[in-house]
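Trainee: Hey, dropping upload-v6.cif in here, mmCIF, C-alpha atoms:
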```
data_structure
#
loop_
_atom_site.label_atom_id
_atom_site.label_comp_id
_atom_site.auth_asym_id
_atom_site.auth_seq_id
_atom_site.Cartn_x
_atom_site.Cartn_y
_atom_site.Cartn_z
CA MET A 1 51.73 -30.90 -26.39
CA THR A 2 52.55 -32.79 -29.57
CA PRO A 3 55.27 -31.11 -31.63
CA ALA A 4 54.02 -29.07 -34.55
CA SER A 5 53.87 -30.93 -37.84
CA SER A 6 54.55 -29.32 -41.22
CA ALA A 7 52.70 -32.09 -43.06
CA ALA A 8 49.32 -31.32 -44.60
CA PRO A 9 46.35 -32.72 -42.68
CA ALA A 10 44.76 -35.99 -43.69
CA ALA A 11 41.89 -35.58 -46.14
CA ALA A 12 39.29 -36.76 -43.64
CA ILE A 13 36.76 -35.52 -41.12
CA PHE A 14 36.11 -37.95 -38.27
CA GLY A 15 33.55 -38.43 -35.54
CA MET A 16 34.29 -39.71 -32.05
CA SER A 17 32.60 -42.11 -29.70
CA GLY A 18 31.53 -40.09 -26.67
CA LEU A 19 31.57 -36.99 -24.51
CA THR A 20 35.36 -37.04 -24.11
CA LEU A 21 38.19 -38.48 -26.14
CA THR A 22 39.42 -41.96 -25.34
CA ASP A 23 43.14 -42.57 -25.14
CA ALA A 24 42.97 -44.53 -28.38
CA GLU A 25 41.13 -41.73 -30.18
CA ARG A 26 43.59 -39.19 -28.88
CA ALA A 27 46.53 -41.21 -30.19
CA PHE A 28 44.87 -41.82 -33.56
CA PHE A 29 43.83 -38.21 -34.16
CA THR A 30 47.26 -36.95 -33.12
CA ARG A 31 48.97 -39.32 -35.55
CA VAL A 32 46.62 -38.80 -38.49
CA LYS A 33 45.87 -35.08 -38.04
CA PRO A 34 42.54 -34.96 -39.92
CA VAL A 35 41.18 -31.82 -41.54
CA GLY A 36 38.44 -31.78 -38.93
CA TYR A 37 35.97 -33.46 -36.60
CA ILE A 38 32.19 -33.74 -36.53
CA LEU A 39 30.03 -33.80 -33.41
CA PHE A 40 26.80 -35.75 -32.91
CA ALA A 41 24.26 -36.03 -30.10
CA ARG A 42 26.42 -38.69 -28.41
CA ASN A 43 29.14 -36.05 -28.06
CA VAL A 44 26.87 -33.41 -26.48
CA ARG A 45 25.77 -33.00 -22.86
CA ASP A 46 25.93 -29.31 -21.99
CA PRO A 47 27.81 -26.19 -23.13
CA GLU A 48 30.73 -26.60 -20.73
CA GLN A 49 31.34 -30.19 -21.85
CA VAL A 50 31.12 -29.33 -25.57
CA ARG A 51 33.52 -26.40 -25.21
CA ALA A 52 35.99 -28.64 -23.38
CA LEU A 53 35.76 -31.34 -26.05
CA VAL A 54 36.28 -28.83 -28.86
CA ALA A 55 39.29 -27.33 -27.04
CA ASP A 56 40.72 -30.81 -26.54
CA LEU A 57 40.38 -31.61 -30.24
CA ARG A 58 42.06 -28.35 -31.21
CA GLY A 59 44.91 -28.91 -28.75
CA LEU A 60 45.98 -32.31 -30.04
CA VAL A 61 48.52 -31.07 -32.61
CA ALA A 62 50.40 -27.82 -32.17
CA GLY A 63 49.99 -25.48 -35.11
CA HIS A 64 46.96 -27.35 -36.46
CA ASN A 65 43.57 -25.64 -36.31
CA PRO A 66 41.10 -28.33 -37.39
CA LEU A 67 37.56 -27.68 -38.46
CA VAL A 68 34.86 -28.64 -35.97
CA LEU A 69 31.55 -29.45 -37.64
CA ILE A 70 28.02 -30.25 -36.53
CA ASP A 71 24.64 -30.84 -38.19
CA GLN A 72 22.47 -28.02 -36.84
CA GLU A 73 19.84 -27.43 -39.51
CA GLY A 74 16.81 -26.94 -37.29
CA GLY A 75 13.76 -29.17 -37.15
CA ARG A 76 14.51 -32.90 -37.22
CA VAL A 77 18.24 -32.43 -37.69
CA GLN A 78 19.86 -30.62 -34.78
CA ARG A 79 22.40 -32.13 -32.43
CA LEU A 80 22.19 -29.27 -29.93
CA LYS A 81 18.78 -29.36 -28.26
CA PRO A 82 16.84 -27.83 -25.37
CA PRO A 83 17.23 -27.11 -22.54
CA HIS A 84 20.67 -25.72 -23.33
CA TRP A 85 19.98 -24.66 -26.92
CA ARG A 86 17.08 -23.34 -28.94
CA ALA A 87 14.72 -25.69 -30.76
CA ALA A 88 15.10 -24.06 -34.18
CA PRO A 89 12.37 -24.59 -36.79
CA PRO A 90 12.81 -26.69 -39.95
CA MET A 91 13.31 -24.86 -43.21
CA ALA A 92 9.97 -25.57 -44.91
CA PRO A 93 8.05 -22.85 -42.99
CA PHE A 94 10.44 -20.24 -44.36
CA GLY A 95 9.53 -21.41 -47.86
CA LYS A 96 5.85 -21.01 -47.05
CA LEU A 97 6.53 -17.51 -45.73
CA TYR A 98 8.36 -16.72 -49.00
CA GLU A 99 5.13 -17.36 -50.91
CA ARG A 100 3.50 -14.51 -48.95
CA ASP A 101 6.40 -12.11 -48.36
CA VAL A 102 9.71 -12.61 -50.17
CA ALA A 103 11.69 -9.95 -48.33
CA LYS A 104 10.52 -11.08 -44.91
CA ALA A 105 11.30 -14.72 -45.70
CA ARG A 106 14.84 -13.82 -46.71
CA ALA A 107 15.36 -11.72 -43.58
CA MET A 108 13.90 -14.27 -41.18
CA THR A 109 15.91 -17.11 -42.73
CA ARG A 110 19.07 -15.09 -42.36
CA PHE A 111 18.24 -14.21 -38.73
CA ASP A 112 17.42 -17.84 -37.91
CA LEU A 113 20.70 -19.20 -39.21
CA GLN A 114 22.64 -16.38 -37.61
CA LEU A 115 21.15 -17.33 -34.25
CA ILE A 116 22.15 -20.95 -34.87
CA GLY A 117 25.62 -19.78 -35.85
CA GLN A 118 25.98 -17.72 -32.69
CA GLU A 119 25.23 -20.79 -30.57
CA LEU A 120 27.90 -22.72 -32.45
CA VAL A 121 30.54 -20.00 -32.17
CA ALA A 122 29.98 -19.87 -28.40
CA LEU A 123 31.04 -23.54 -28.29
CA GLY A 124 34.02 -23.18 -30.61
CA ILE A 125 32.25 -24.91 -33.52
CA ASP A 126 33.03 -23.23 -36.82
CA VAL A 127 31.27 -25.28 -39.53
CA ASP A 128 27.55 -26.10 -39.80
CA CYS A 129 26.40 -28.84 -42.18
CA ALA A 130 23.54 -26.66 -43.42
CA PRO A 131 21.63 -25.55 -45.38
CA VAL A 132 19.93 -28.29 -47.37
CA MET A 133 19.68 -27.12 -50.99
CA ASP A 134 17.74 -30.15 -52.20
CA VAL A 135 14.49 -29.72 -54.15
CA PRO A 136 12.00 -32.43 -53.15
CA VAL A 137 9.53 -33.84 -55.67
CA SER A 138 6.24 -35.63 -55.26
CA GLY A 139 6.76 -39.28 -54.38
CA ALA A 140 10.26 -38.81 -53.05
CA HIS A 141 11.37 -40.36 -49.76
CA ASP A 142 10.75 -38.06 -46.80
CA ILE A 143 14.38 -38.16 -45.65
CA ILE A 144 14.59 -34.62 -47.05
CA GLY A 145 10.99 -33.49 -46.50
CA ASP A 146 10.69 -30.35 -44.38
CA ARG A 147 14.46 -30.01 -44.21
CA ALA A 148 14.10 -28.40 -47.65
CA PHE A 149 12.86 -24.86 -48.11
CA SER A 150 10.46 -25.62 -50.93
CA ASP A 151 9.73 -27.75 -53.97
CA GLU A 152 10.34 -24.68 -56.13
CA PRO A 153 14.01 -24.47 -57.20
CA GLN A 154 14.18 -20.67 -57.23
CA ILE A 155 12.75 -20.42 -53.71
CA VAL A 156 15.28 -22.98 -52.49
CA ALA A 157 18.08 -21.05 -54.18
CA ASP A 158 17.05 -17.70 -52.73
CA LEU A 159 16.48 -18.86 -49.16
CA ALA A 160 19.49 -21.15 -49.06
CA ILE A 161 21.71 -18.23 -49.96
CA ALA A 162 20.07 -16.19 -47.18
CA ALA A 163 20.72 -19.08 -44.79
CA CYS A 164 24.37 -19.17 -45.76
CA ASP A 165 24.60 -15.42 -45.20
CA GLY A 166 23.21 -15.86 -41.69
CA LEU A 167 25.82 -18.44 -40.77
CA ILE A 168 28.57 -16.34 -42.31
CA ASP A 169 27.33 -13.31 -40.34
CA ALA A 170 27.96 -15.33 -37.18
CA GLY A 171 31.40 -16.51 -38.26
CA VAL A 172 30.37 -20.05 -39.22
CA VAL A 173 31.16 -21.77 -42.52
CA PRO A 174 28.08 -23.28 -44.22
CA VAL A 175 28.09 -26.70 -45.88
CA ILE A 176 25.65 -26.75 -48.80
CA LYS A 177 24.13 -30.16 -49.36
CA HIS A 178 23.58 -32.58 -50.98
CA ILE A 179 25.28 -31.77 -54.30
CA PRO A 180 23.99 -32.23 -57.01
CA GLY A 181 20.60 -32.86 -55.35
CA HIS A 182 18.94 -35.47 -53.12
CA GLY A 183 15.39 -34.17 -53.44
CA ARG A 184 13.97 -36.68 -55.94
CA SER A 185 15.47 -39.78 -54.32
CA ARG A 186 12.90 -42.48 -53.49
CA ALA A 187 15.15 -44.10 -50.90
CA ASP A 188 17.02 -43.01 -47.79
CA SER A 189 20.74 -43.17 -48.51
CA HIS A 190 21.38 -43.90 -44.84
CA LEU A 191 19.76 -47.29 -45.51
CA GLU A 192 20.19 -48.07 -49.21
CA LEU A 193 21.55 -46.66 -52.45
CA PRO A 194 19.02 -44.42 -54.22
CA VAL A 195 18.93 -44.39 -58.02
CA VAL A 196 17.57 -41.38 -59.90
CA ASP A 197 16.72 -42.07 -63.55
CA THR A 198 15.64 -38.52 -64.37
CA ASP A 199 17.02 -37.09 -67.62
CA LEU A 200 19.79 -34.52 -67.50
CA ALA A 201 17.67 -31.68 -68.91
CA THR A 202 15.19 -32.04 -66.05
CA LEU A 203 17.95 -32.21 -63.46
CA ARG A 204 19.42 -29.01 -64.87
CA ALA A 205 16.05 -27.28 -64.68
CA THR A 206 15.34 -28.35 -61.09
CA ASP A 207 17.85 -30.14 -58.84
CA PHE A 208 20.94 -28.27 -59.98
CA VAL A 209 19.38 -24.79 -59.90
CA PRO A 210 20.07 -23.87 -56.23
CA PHE A 211 23.67 -25.06 -56.42
CA VAL A 212 24.31 -23.14 -59.64
CA ALA A 213 22.79 -20.01 -58.09
CA PHE A 214 25.00 -20.36 -55.05
CA ALA A 215 28.13 -20.82 -57.17
CA LYS A 216 27.26 -17.70 -59.17
CA SER A 217 26.70 -15.71 -55.96
CA GLY A 218 30.42 -15.77 -55.19
CA ARG A 219 29.88 -16.75 -51.54
CA GLN A 220 32.27 -19.09 -49.77
CA ALA A 221 31.10 -22.42 -48.37
CA PHE A 222 31.92 -26.08 -48.24
CA GLY A 223 29.83 -28.66 -50.08
CA MET A 224 28.66 -32.21 -49.36
CA THR A 225 27.97 -34.80 -52.01
CA ALA A 226 24.92 -37.05 -52.31
CA HIS A 227 25.20 -40.84 -52.11
CA VAL A 228 22.81 -41.07 -55.05
CA VAL A 229 23.20 -42.65 -58.49
CA TYR A 230 22.20 -40.31 -61.32
CA SER A 231 21.87 -42.70 -64.24
CA ALA A 232 21.95 -39.89 -66.79
CA LEU A 233 25.51 -39.15 -65.66
CA ASP A 234 26.90 -42.41 -64.26
CA ALA A 235 24.67 -45.49 -64.03
CA LYS A 236 27.12 -47.45 -61.88
CA ARG A 237 28.40 -45.13 -59.17
CA PRO A 238 26.84 -42.69 -56.68
CA ALA A 239 27.83 -39.06 -57.00
CA THR A 240 30.33 -39.35 -54.15
CA ASN A 241 32.38 -41.91 -56.08
CA SER A 242 31.72 -40.75 -59.64
CA PRO A 243 34.34 -38.73 -61.55
CA GLN A 244 31.62 -37.79 -64.06
CA VAL A 245 29.34 -36.33 -61.40
CA ILE A 246 32.17 -34.55 -59.58
CA ASP A 247 33.28 -33.07 -62.91
CA LEU A 248 29.74 -31.74 -63.40
CA ILE A 249 29.75 -30.30 -59.85
CA ARG A 250 33.01 -28.49 -60.53
CA ASN A 251 32.64 -27.42 -64.15
CA GLU A 252 28.91 -27.13 -64.90
CA ILE A 253 27.45 -26.29 -61.51
CA GLY A 254 30.59 -24.26 -60.80
CA PHE A 255 31.22 -25.23 -57.18
CA THR A 256 34.91 -24.64 -56.43
CA GLY A 257 34.97 -24.88 -52.62
CA LEU A 258 36.00 -27.75 -50.40
CA LEU A 259 33.92 -30.78 -51.37
CA MET A 260 33.38 -33.49 -48.77
CA SER A 261 31.67 -36.81 -49.11
CA ASP A 262 28.52 -37.55 -47.20
CA ASP A 263 29.13 -40.04 -44.38
CA LEU A 264 31.04 -43.07 -45.62
CA GLY A 265 29.23 -45.19 -43.03
CA MET A 266 25.85 -44.85 -44.75
CA LYS A 267 24.47 -48.04 -46.25
CA ALA A 268 24.23 -46.50 -49.70
CA LEU A 269 27.92 -47.37 -49.94
CA SER A 270 29.49 -50.78 -49.67
CA GLY A 271 32.90 -52.37 -49.43
CA PRO A 272 35.86 -51.92 -47.07
CA TYR A 273 36.28 -48.45 -45.65
CA ASP A 274 39.67 -47.85 -47.22
CA GLU A 275 38.10 -48.50 -50.61
CA ARG A 276 35.08 -46.27 -49.88
CA ALA A 277 37.34 -43.41 -48.85
CA GLY A 278 39.79 -43.92 -51.70
CA ALA A 279 36.98 -43.95 -54.26
CA ALA A 280 35.59 -40.65 -52.98
CA ILE A 281 38.99 -38.96 -53.14
CA ALA A 282 39.80 -40.48 -56.53
CA ALA A 283 36.49 -39.21 -57.92
CA GLY A 284 37.36 -35.65 -56.93
CA CYS A 285 36.13 -35.11 -53.37
CA ASP A 286 38.61 -33.14 -51.31
CA VAL A 287 37.72 -34.80 -48.00
CA ALA A 288 36.18 -38.11 -46.87
CA LEU A 289 33.67 -37.87 -44.02
CA HIS A 290 33.31 -40.70 -41.47
CA CYS A 291 30.91 -40.05 -38.64
CA ASP A 292 30.15 -42.93 -36.25
CA GLY A 293 33.38 -42.90 -34.23
CA ASN A 294 34.27 -46.56 -34.86
CA LEU A 295 38.04 -46.52 -34.48
CA ALA A 296 38.78 -49.57 -36.61
CA ASP A 297 36.77 -48.09 -39.48
CA MET A 298 38.48 -44.73 -39.07
CA GLU A 299 41.86 -46.47 -39.26
CA ALA A 300 40.74 -48.02 -42.54
CA VAL A 301 39.57 -44.66 -43.88
CA ALA A 302 42.96 -43.18 -43.03
CA ARG A 303 44.68 -45.93 -45.02
CA GLY A 304 42.53 -45.15 -48.05
CA ILE A 305 43.30 -41.44 -48.35
CA GLY A 306 46.23 -39.12 -48.58
CA THR A 307 46.69 -35.60 -47.31
CA LEU A 308 44.51 -32.63 -48.23
CA GLY A 309 45.13 -31.57 -51.82
CA ALA A 310 45.68 -28.16 -53.33
CA ASN A 311 42.01 -27.41 -54.01
CA GLY A 312 41.00 -28.34 -50.49
CA GLN A 313 43.74 -26.17 -49.03
CA ARG A 314 42.70 -23.23 -51.22
CA ALA A 315 39.14 -23.66 -49.97
CA LEU A 316 40.29 -23.65 -46.35
CA ASP A 317 42.29 -20.50 -46.99
CA ALA A 318 39.29 -18.86 -48.66
CA VAL A 319 37.03 -19.34 -45.62
CA ALA A 320 39.64 -18.35 -43.04
CA SER A 321 38.07 -14.93 -42.54
CA ILE A 322 34.68 -16.50 -41.85
CA ARG A 323 36.11 -18.83 -39.20
CA LEU A 324 38.18 -16.20 -37.43
CA LYS A 325 36.05 -13.05 -37.53
CA PRO A 326 32.43 -13.23 -36.34
CA ARG A 327 30.77 -10.19 -37.85
CA SER A 328 27.74 -9.29 -35.80
CA THR A 329 25.44 -10.36 -32.99
CA ILE A 330 21.65 -10.48 -32.84
CA GLY A 331 19.32 -11.62 -30.09
CA GLY A 332 15.84 -11.70 -28.62
CA SER A 333 14.21 -9.12 -30.85
CA GLN A 334 15.17 -11.02 -33.99
CA LEU A 335 14.01 -14.31 -32.45
CA ALA A 336 10.64 -12.71 -31.70
CA GLN A 337 10.41 -11.57 -35.31
CA ILE A 338 11.11 -15.09 -36.56
CA ASN A 339 8.50 -16.62 -34.28
CA ALA A 340 5.90 -14.06 -35.29
CA ALA A 341 6.62 -14.43 -39.00
CA LEU A 342 6.39 -18.24 -38.92
CA LYS A 343 3.32 -18.38 -36.70
CA ASN A 344 0.99 -18.91 -39.63
CA ALA A 345 3.47 -20.52 -42.02
#
```
Could you write out this file's structure as structure tokens?

Mentor:
Amino acid sequence: MTPASSAAPAAAIFGMSGLTLTDAERAFFTRVKPVGYILFARNVRDPEQVRALVADLRGLVAGHNPLVLIDQEGGRVQRLKPPHWRAAPPMAPFGKLYERDVAKARAMTRFDLQLIGQELVALGIDVDCAPVMDVPVSGAHDIIGDRAFSDEPQIVADLAIAACDGLIDAGVVPVIKHIPGHGRSRADSHLELPVVDTDLATLRATDFVPFVAFAKSGRQAFGMTAHVVYSALDAKRPATNSPQVIDLIRNEIGFTGLLMSDDLGMKALSGPYDERAGAAIAAGCDVALHCDGNLADMEAVARGIGTLGANGQRALDAVASIRLKPRSTIGGSQLAQINAALKNA
């Protein structure tokens, strides 16, 4: 076992290349000691393998309890799939249910995310990159699409908070995304840099609404930025790299939790990886996220960042009770209720 280190963790979350750690990854992660790790489909075979990988990651540095994240939204975005895990629905049907029965939609959303959270906790995963709080608009790219609850900001706000509660019930930390809103983007930021020219008053009345509501709710979560240019705020830089946008996220929207970049490997960003990572941290992100497991690129990210700052550490401390104390367990009866409620949604 590597000796315990008193140094703060590196302000990064990294992916890895396969089902087990390579010797080079093991050496790199031990040396750098990132805040956490994120799993993708390439890292998943079956429950036993995932549990072993998570345990291996957590055993690399004595005294360090890194986050382990995954994207398990339901619908198109879920890394854990049948036959070992449930095929959870996307979020849009819950928004349709809300239009008929508000209380039932809230309850079923909470149940659904609690069931997802229980699957994650059983594997040792303690952070889910969900829910999407984006508000899609007509003509937008379908990269968000049915991942969103609704095109009505108040419905998104209400159900996203219920979704966060479900994850928290299971002992999993939510990651609300993509702050301050990806819903009106006409491009996929995985492939190119979207530019949103909407005026600030409209953004405040729509895109920002769910995030403001969440901040006012007092719940604890992490947040993920959008690789989107909002020309009303900063015409040159995407939110991830923009001090003006991060200032708005912190001081107008009111989000005070740990703020991570979206994946630095997405084509919305350009330039060397040390510069991408450094720009995100300099703008005000607490953590830089790099997902694809390319070791040379991760080395560059590590050169571009420092250790986790005071705000990031406060955010980790604030969610400690969520990570360590699963609160309740639900099962088949709640799943049956969800299926019945969404049957006609």

Trainee: Can you list what the PyMOL selection byres ((chain A and resi 57-70) around 8) grabs from this structure, as a list in words?

Mentor: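 Those residues are Met1, Thr2, Pro3, Ala4, Ser5, Arg26, Phe29, Thr30, Lys33, Pro34, Val35, Gly36, Tyr37, Ile38, Leu39, Phe40, Leu53, Val54, Ala55, Asp56, Asp71, Gln72, Arg79, Gly124, Ile125, Asp126, Val127, Asp128 and Cys129 of chain A.
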
Trainee: Rounded to one decimal place, report the atom CA of A:Lys81-atom CA of A:Leu19 distance in Å.

Mentor: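 Result for atom CA of A:Lys81 versus atom CA of A:Leu19: 15.4 Å, one decimal.
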
Trainee: Give as a PyMOL selection string the residues that the PyMOL selection byres ((chain A and resi 303) around 12) matches when applied to the coordinates above.

Mentor: chain A and resi 10-12+32+272-278+288+296-302+304-307

Trainee: The PyMOL selection byres ((chain A and resi 206) around 12) on the file shown: which residues, as an MDAnalysis selection string?

Mentor: chainID A and resid 133:137 150:157 180:184 198:205 207:213

Trainee: Calculated over all atoms listed in the file, which of the candidates A:Asn344, A:Asn294, A:Gln49, A:Gln78 has the smallest distance to A:Met16?

Mentor: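 Ranking A:Asn344, A:Asn294, A:Gln49, A:Gln78 by distance to A:Met16, first place goes to A:Asn294.
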
Trainee: Between A:Ala163, A:Leu335, A:Val228, A:Val102, which has the minimum distance to A:Val132 (counting only C-alpha atoms)?

Mentor: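 Selected residue with least distance to A:Val132: A:Ala163.
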
Trainee: For the atom pair atom CA of A:Ala170 and atom CA of A:Arg110, what is the interatomic distance in Å to one decimal place?

Mentor: 10.3 Å

Trainee: Quote the spacing between atom CA of A:Leu113 and atom CA of A:Ile246 in Å to one decimal place.

Mentor: 28.0 Å

Trainee: For A:Arg250, find every residue with an atom within 12 Å (counting only C-alpha atoms), except residues of its own chain fewer than 3 positions away, and show them as a ChimeraX atom specification.

Mentor: /A:179-180,211-212,215,223,225,243-247,253-259,283-286,311

Trainee: Take every atom of stretch 118-121 of chain A listed in the file, pad by 5 Å on each side, and give me the axis-aligned box centre and edge lengths in Å, one decimal, as lines of an AutoDock Vina configuration file.

Mentor:
```
center_x = 27.9
center_y = -20.2
center_z = -31.6
size_x = 15.3
size_y = 15.0
size_z = 12.1
```

Trainee: Under the rule that all atoms listed in the file are counted, which of A:Asp317, A:Asp188, A:Asp112, A:Asp158 is the nearest residue to A:Ala140?

Mentor: A:Asp188

Trainee: Go through A:Ala232, A:Ala280, A:Ala105, A:Met91 and flag the residue nearest A:Gly145, using all atoms listed in the file for the distances.

Mentor: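 Among A:Ala232, A:Ala280, A:Ala105, A:Met91, it is A:Met91 that comes nearest to A:Gly145.
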